[in-house]
Amino acid sequence: MFQGSKPELKQAIEAFAEEIVLLDPSDLGSVVNILTFNEMILLAAEEGDSTVIAAAKAAKHQLEQFIFADMDHQARLPSDVFLQRLNQLTSTMQLGTPLPEFASLELPATIIPDIEQVEAGNSVVKLAEEPLVEGNAPETVQPVSTPTVQANIVLDDLSLYQDFITEANEHLTAAEEQLLVLERDPNHADAVNTIFRAFHTIKGVAGLLAVDDIQQLSHEAENLLDRVRKRTISATAQVLDASLKALDGLKRMLNRLQDSIQQSKMPPPDPQLSALVQLLRDTSEEKITISESSSQSAIKRPATGQTSVAETPNIPSEQESTATKSSGGAKEPIKVDANRLDSLIDMIGEMVIAESMVQQDIAAFLAEDKRFSRDAAHLHKITRELQSLSLSMRMMPVRPVFQKMARLIRDLSKKANKKIEFVIEGEDTELDKSVVDKIGDPLVHMVRNAIDHGIESPEERVENGKPEIGTIRLRAYHRGGSIFIEMSDDGKGLNRPVILAKARERGIIASDAVLSDHEIDQLIFVPGFSTAKQVTGISGRGVGMDVVLRNIQALRGAVEVHSTDGKGTTITLRLPLTLAIIDGMLLQA
């Protein structure tokens, strides 16, 4: 390994070398992914690592030329030559050997090709500008300009943009989670670094693909996080709000890009770009002391076996993720088109049905043929195992949905001027993909009602002898062949006399009807029913809980409500494990 390098740089170079070994040049998407590992090297490098920096920038130049050969109307290097060059540059980074001759002739514009041999045989490369590393000042801020719109996207390169959108959304999801962690602990260095890397990686790939809106916004967000990282400013509420708005803006731009690439063209300039850029610059230029911090909501994940101990969630860095992937027992995920997966599940379902019919025929007509019965039983075993495996392929954790609720609670608690602590349990519980995709809306309405109607104001909670910070708990678990999702709050609970009076006033029930507590609780699911005295920006129109009931019943699930006056409310969703294949039993008497 190159001497004098810090551990982070060594890990980045090892990860880069591993990806080069596994690289398939025919898959341009995988070539684009290599750029992320290249950026990690430049991010970890220091001034004393001149040879590493030069080799990394030369590798970046080779990767960009290979990716954009068609768009630039240039001949693409043969795959073997391309891989050979990347391996030579990797050796330079690992061993400090002299920079290859081709790199000296084709250095990027940021490197002056003035290479001097030193006694140890290493190359010293003079840089026209400092690389982006920890401790350096952020890049010079350029005035806001209208992004140039590219006329069309080459159809063969649509996969590059699609891969970029998918991976950028993954980076933004991780960044959003860590921003919420940072709100609870403004000095959480790992969270700051994860957010910074997310914006930095998105900026780099967006620049390669000429997606100017995304590049400029992520660049400004990166500059803001760079100041937080260097402790020039602290992670105050203003900084976090600006970062979250930038994150939302990037998600919107990615959605617009997704819609546009289907028509083989770039999206028009984003109308909100200038305002977002100006917000980030204004926030970055404010002089805020390190001690300042503000938070109205927080996230907790109970430690294993302990519901009262909170852990700070953490997202592993790219280096840690790479190390995990390269270990012997690690699982390596691959991306599969959802339509292909659905088709596979459907075909396996048909096969299971056909196999069951054959089994019945065997039992009816060939029961005495022992050898045939044995072979049929073996086929039945394989079919069932294949069915079980195919269903597991559709399973995914509920964590992404729960994390969206964390962001929603944070925003709504500030809007309602309430202090709320959000506790997550069982986010690794797995559900069928189709179910996970459809539980988002019900959870949103449940959260809105809990904040608006359940959790009291800090002053009211103190008067009632409660802590001023309310708690909303979201929990997922398996039981009896079903998945249960519970959302509970420690608010004032359902006001049953008010609910009953409102139902009689609207003619939903007879004026002399006598209902049990359970029956009164079910009235909140009646379409249009609401006890709110006025409609707010959070709830009050009487459609939220109606949506919850209809959506869950459409998934063949059920909803239960348990409430204690002055103590809080718990809403439980019972859902099937999967909607793909459901076993049935035929009984005859």
# chains A, B, ... in the order shown; residues from 1 in each chain; ligands from 1

$ closest_atom_pairs --of "range 386-450 of chain A" --to "range 454-468 of chain A" --cutoff "8 Å" --atoms "only C-alpha atoms" --output "CSV"
residue,atom,partner,partner_atom,distance
A:Asn417,CA,A:Ser457,CA,7.3
A:Lys418,CA,A:Ser457,CA,5.5
A:Lys419,CA,A:Pro458,CA,6.7
A:Asn449,CA,A:Gly454,CA,6.7
A:Ala450,CA,A:Gly454,CA,4.5

$ write_last_selection --atoms "C-alpha atoms" --output "PDB file, in the first residue's frame"
ATOM      1  CA  ASN A 417     -45.757  23.831  17.790  1.00  0.00           C
ATOM      2  CA  LYS A 418     -45.615  20.531  19.638  1.00  0.00           C
ATOM      3  CA  LYS A 419     -42.631  18.606  20.939  1.00  0.00           C
ATOM      4  CA  ASN A 449     -54.345  12.514  13.422  1.00  0.00           C
ATOM      5  CA  ALA A 450     -52.030  11.564  16.284  1.00  0.00           C
TER       6      ALA A 450
END

$ residues_around --residues "Met405 in chain A" --least-positions-apart "5" --cutoff "12 Å" --atoms "only C-alpha atoms" --output "ChimeraX atom specification"
/A:176-177,180,297-299,398-400,410-413,422-424,427,439-448,451,472-475,487

$ write_last_selection --atoms "N, CA and C atoms" --output "compact mmCIF listing (two decimals), in the first residue's frame"
# COMPACT_ATOMS: atom_id res chain seq x y z
N GLU A 176 -31.37 11.82 4.41
CA GLU A 176 -32.53 12.30 5.17
C GLU A 176 -32.55 11.68 6.57
N GLU A 177 -32.25 10.39 6.64
CA GLU A 177 -32.23 9.73 7.94
C GLU A 177 -31.15 10.34 8.83
N LEU A 180 -32.01 13.75 10.35
CA LEU A 180 -32.84 13.64 11.54
C LEU A 180 -32.01 13.22 12.75
N SER A 297 -38.30 17.50 17.60
CA SER A 297 -38.67 16.10 17.53
C SER A 297 -37.41 15.27 17.41
N ALA A 298 -37.45 14.03 17.82
CA ALA A 298 -36.29 13.17 17.77
C ALA A 298 -36.73 11.77 17.43
N ILE A 299 -35.77 10.96 17.01
CA ILE A 299 -36.06 9.57 16.66
C ILE A 299 -35.32 8.67 17.64
N VAL A 398 -39.76 -2.87 6.35
CA VAL A 398 -40.64 -1.69 6.40
C VAL A 398 -39.86 -0.43 6.77
N ARG A 399 -38.55 -0.53 6.91
CA ARG A 399 -37.74 0.61 7.34
C ARG A 399 -37.93 1.85 6.46
N PRO A 400 -37.92 1.74 5.11
CA PRO A 400 -38.08 2.97 4.30
C PRO A 400 -39.39 3.71 4.59
N ARG A 410 -41.39 15.09 12.15
CA ARG A 410 -40.53 16.24 12.42
C ARG A 410 -41.14 17.52 11.86
N ASP A 411 -41.61 17.46 10.61
CA ASP A 411 -42.16 18.66 9.98
C ASP A 411 -43.49 19.07 10.62
N LEU A 412 -44.37 18.10 10.86
CA LEU A 412 -45.69 18.43 11.41
C LEU A 412 -45.61 18.90 12.86
N SER A 413 -44.66 18.37 13.63
CA SER A 413 -44.52 18.81 15.02
C SER A 413 -44.10 20.27 15.08
N PHE A 422 -40.16 10.47 18.47
CA PHE A 422 -40.63 9.37 17.63
C PHE A 422 -39.79 8.13 17.91
N VAL A 423 -40.44 7.05 18.30
CA VAL A 423 -39.76 5.80 18.63
C VAL A 423 -40.10 4.75 17.58
N ILE A 424 -39.08 4.14 17.01
CA ILE A 424 -39.26 3.10 15.98
C ILE A 424 -38.84 1.75 16.54
N GLU A 427 -38.18 -2.15 12.68
CA GLU A 427 -38.13 -1.66 11.30
C GLU A 427 -37.52 -2.66 10.32
N ILE A 439 -48.89 0.78 2.25
CA ILE A 439 -49.20 1.15 3.63
C ILE A 439 -48.73 2.57 3.95
N GLY A 440 -48.05 3.20 3.01
CA GLY A 440 -47.55 4.56 3.26
C GLY A 440 -48.67 5.55 3.54
N ASP A 441 -49.70 5.58 2.69
CA ASP A 441 -50.79 6.54 2.86
C ASP A 441 -51.55 6.35 4.19
N PRO A 442 -51.93 5.11 4.55
CA PRO A 442 -52.58 4.94 5.85
C PRO A 442 -51.73 5.44 7.02
N LEU A 443 -50.43 5.16 7.00
CA LEU A 443 -49.57 5.61 8.09
C LEU A 443 -49.50 7.13 8.15
N VAL A 444 -49.48 7.79 6.98
CA VAL A 444 -49.45 9.26 6.95
C VAL A 444 -50.67 9.83 7.66
N HIS A 445 -51.86 9.29 7.35
CA HIS A 445 -53.08 9.80 7.97
C HIS A 445 -53.13 9.49 9.46
N MET A 446 -52.61 8.34 9.85
CA MET A 446 -52.56 8.01 11.27
C MET A 446 -51.64 8.96 12.03
N VAL A 447 -50.50 9.28 11.43
CA VAL A 447 -49.56 10.21 12.05
C VAL A 447 -50.18 11.60 12.16
N ARG A 448 -50.83 12.07 11.09
CA ARG A 448 -51.45 13.39 11.11
C ARG A 448 -52.49 13.49 12.24
N ILE A 451 -50.85 13.63 15.75
CA ILE A 451 -50.25 14.92 16.08
C ILE A 451 -51.31 15.99 16.32
N ILE A 472 -44.69 9.35 20.04
CA ILE A 472 -45.39 8.54 19.04
C ILE A 472 -44.51 7.33 18.76
N ARG A 473 -45.08 6.16 18.91
CA ARG A 473 -44.32 4.92 18.75
C ARG A 473 -44.86 4.13 17.56
N LEU A 474 -43.98 3.73 16.67
CA LEU A 474 -44.35 2.93 15.50
C LEU A 474 -43.62 1.60 15.60
N ARG A 475 -44.40 0.52 15.59
CA ARG A 475 -43.84 -0.81 15.84
C ARG A 475 -44.36 -1.81 14.83
N MET A 487 -49.29 1.83 15.80
CA MET A 487 -48.89 3.21 16.02
C MET A 487 -49.61 3.71 17.27

$ atom_distance --atom1 "CA of Ala191 in chain A" --atom2 "CA of Leu179 in chain A"
7.1 Å

$ residues_around --residues "Leu391 in chain A" --least-positions-apart "3" --cutoff "12 Å" --atoms "only C-alpha atoms" --output "PyMOL selection string"
chain A and resi 341-342+344-346+348-349+384-388+394-396+430-434+577-582

$ residues_around --residues "Ala501 in chain A" --least-positions-apart "3" --cutoff "12 Å" --atoms "only C-alpha atoms" --output "number ranges by chain"
A: 495-498, 504-515, 520, 523, 529-531

$ write_last_selection --atoms "N, CA, C and O atoms" --output "short mmCIF file (atom, residue, chain, number, x, y, z; two decimals), in the first residue's frame"
data_model
loop_
_atom_site.label_atom_id
_atom_site.label_comp_id
_atom_site.auth_asym_id
_atom_site.auth_seq_id
_atom_site.Cartn_x
_atom_site.Cartn_y
_atom_site.Cartn_z
N ASN A 495 -61.88 11.10 22.56
CA ASN A 495 -62.92 11.72 23.40
C ASN A 495 -64.25 11.11 23.00
O ASN A 495 -64.96 11.61 22.12
N ARG A 496 -64.61 10.02 23.65
CA ARG A 496 -65.79 9.25 23.24
C ARG A 496 -67.10 10.05 23.35
O ARG A 496 -67.95 9.94 22.47
N PRO A 497 -67.33 10.85 24.41
CA PRO A 497 -68.57 11.64 24.46
C PRO A 497 -68.69 12.59 23.27
O PRO A 497 -69.79 12.74 22.71
N VAL A 498 -67.59 13.22 22.88
CA VAL A 498 -67.63 14.14 21.73
C VAL A 498 -67.90 13.37 20.45
O VAL A 498 -68.68 13.81 19.59
N ARG A 504 -74.35 11.48 16.48
CA ARG A 504 -75.80 11.70 16.58
C ARG A 504 -76.21 12.96 15.84
O ARG A 504 -77.25 13.00 15.17
N GLU A 505 -75.37 14.01 15.94
CA GLU A 505 -75.68 15.27 15.26
C GLU A 505 -75.72 15.08 13.76
O GLU A 505 -76.56 15.68 13.08
N ARG A 506 -74.86 14.25 13.21
CA ARG A 506 -74.81 14.03 11.77
C ARG A 506 -75.74 12.93 11.30
O ARG A 506 -75.80 12.62 10.12
N GLY A 507 -76.44 12.30 12.22
CA GLY A 507 -77.39 11.26 11.83
C GLY A 507 -76.75 9.94 11.50
O GLY A 507 -77.36 9.07 10.87
N ILE A 508 -75.50 9.76 11.90
CA ILE A 508 -74.80 8.49 11.63
C ILE A 508 -75.38 7.38 12.48
O ILE A 508 -75.48 6.23 12.05
N ILE A 509 -75.78 7.71 13.70
CA ILE A 509 -76.44 6.75 14.58
C ILE A 509 -77.71 7.39 15.12
O ILE A 509 -77.89 8.61 15.07
N ALA A 510 -78.61 6.56 15.62
CA ALA A 510 -79.86 7.06 16.19
C ALA A 510 -79.58 7.82 17.48
O ALA A 510 -78.61 7.53 18.19
N SER A 511 -80.43 8.78 17.79
CA SER A 511 -80.21 9.63 18.96
C SER A 511 -80.30 8.84 20.26
O SER A 511 -79.72 9.24 21.28
N ASP A 512 -81.04 7.72 20.25
CA ASP A 512 -81.18 6.93 21.47
C ASP A 512 -80.31 5.66 21.45
O ASP A 512 -80.47 4.78 22.31
N ALA A 513 -79.41 5.57 20.47
CA ALA A 513 -78.57 4.37 20.35
C ALA A 513 -77.57 4.30 21.50
O ALA A 513 -77.01 5.31 21.92
N VAL A 514 -77.37 3.08 22.00
CA VAL A 514 -76.39 2.84 23.06
C VAL A 514 -75.26 2.01 22.47
O VAL A 514 -75.49 0.87 22.01
N LEU A 515 -74.06 2.56 22.46
CA LEU A 515 -72.92 1.89 21.83
C LEU A 515 -71.85 1.56 22.87
O LEU A 515 -71.68 2.29 23.86
N ILE A 520 -68.02 2.88 19.50
CA ILE A 520 -67.80 4.32 19.40
C ILE A 520 -66.46 4.61 18.71
O ILE A 520 -66.36 5.49 17.85
N LEU A 523 -66.40 4.63 14.96
CA LEU A 523 -67.04 5.75 14.25
C LEU A 523 -66.03 6.67 13.60
O LEU A 523 -66.36 7.39 12.65
N PHE A 529 -66.29 11.83 8.68
CA PHE A 529 -66.50 12.08 10.11
C PHE A 529 -65.28 12.75 10.71
O PHE A 529 -64.14 12.32 10.51
N SER A 530 -65.48 13.84 11.46
CA SER A 530 -64.40 14.53 12.13
C SER A 530 -64.97 15.29 13.32
O SER A 530 -66.06 15.87 13.24
N THR A 531 -64.20 15.29 14.42
CA THR A 531 -64.60 16.05 15.60
C THR A 531 -63.88 17.39 15.67
O THR A 531 -64.05 18.13 16.64
#

$ atom_distance --atom1 "CA of Ser159 in chain A" --atom2 "CA of Phe199 in chain A"
21.4 Å

$ closest_residue --among "A:Ala15, A:Phe164, A:Val181, A:Pro98" --to "Gly207 in chain A" --atoms "only C-alpha atoms"
A:Phe164

$ residues_around --residues "Glu64 in chain A" --least-positions-apart "6" --cutoff "9 Å" --atoms "only C-alpha atoms" --output "list in words"
Val32, Leu35 and Leu208 of chain A

$ closest_residue --among "A:Ala377, A:Ile469, A:Ala168, A:Met40" --to "Arg252 in chain A" --atoms "only C-alpha atoms"
A:Ala168

$ closest_residue --among "A:Glu220, A:Asp428, A:Asp185, A:Asp565" --to "Ala275 in chain A" --atoms "only C-alpha atoms"
A:Glu220

$ atom_distance --atom1 "CA of Leu224 in chain A" --atom2 "CA of Ser284 in chain A"
5.3 Å
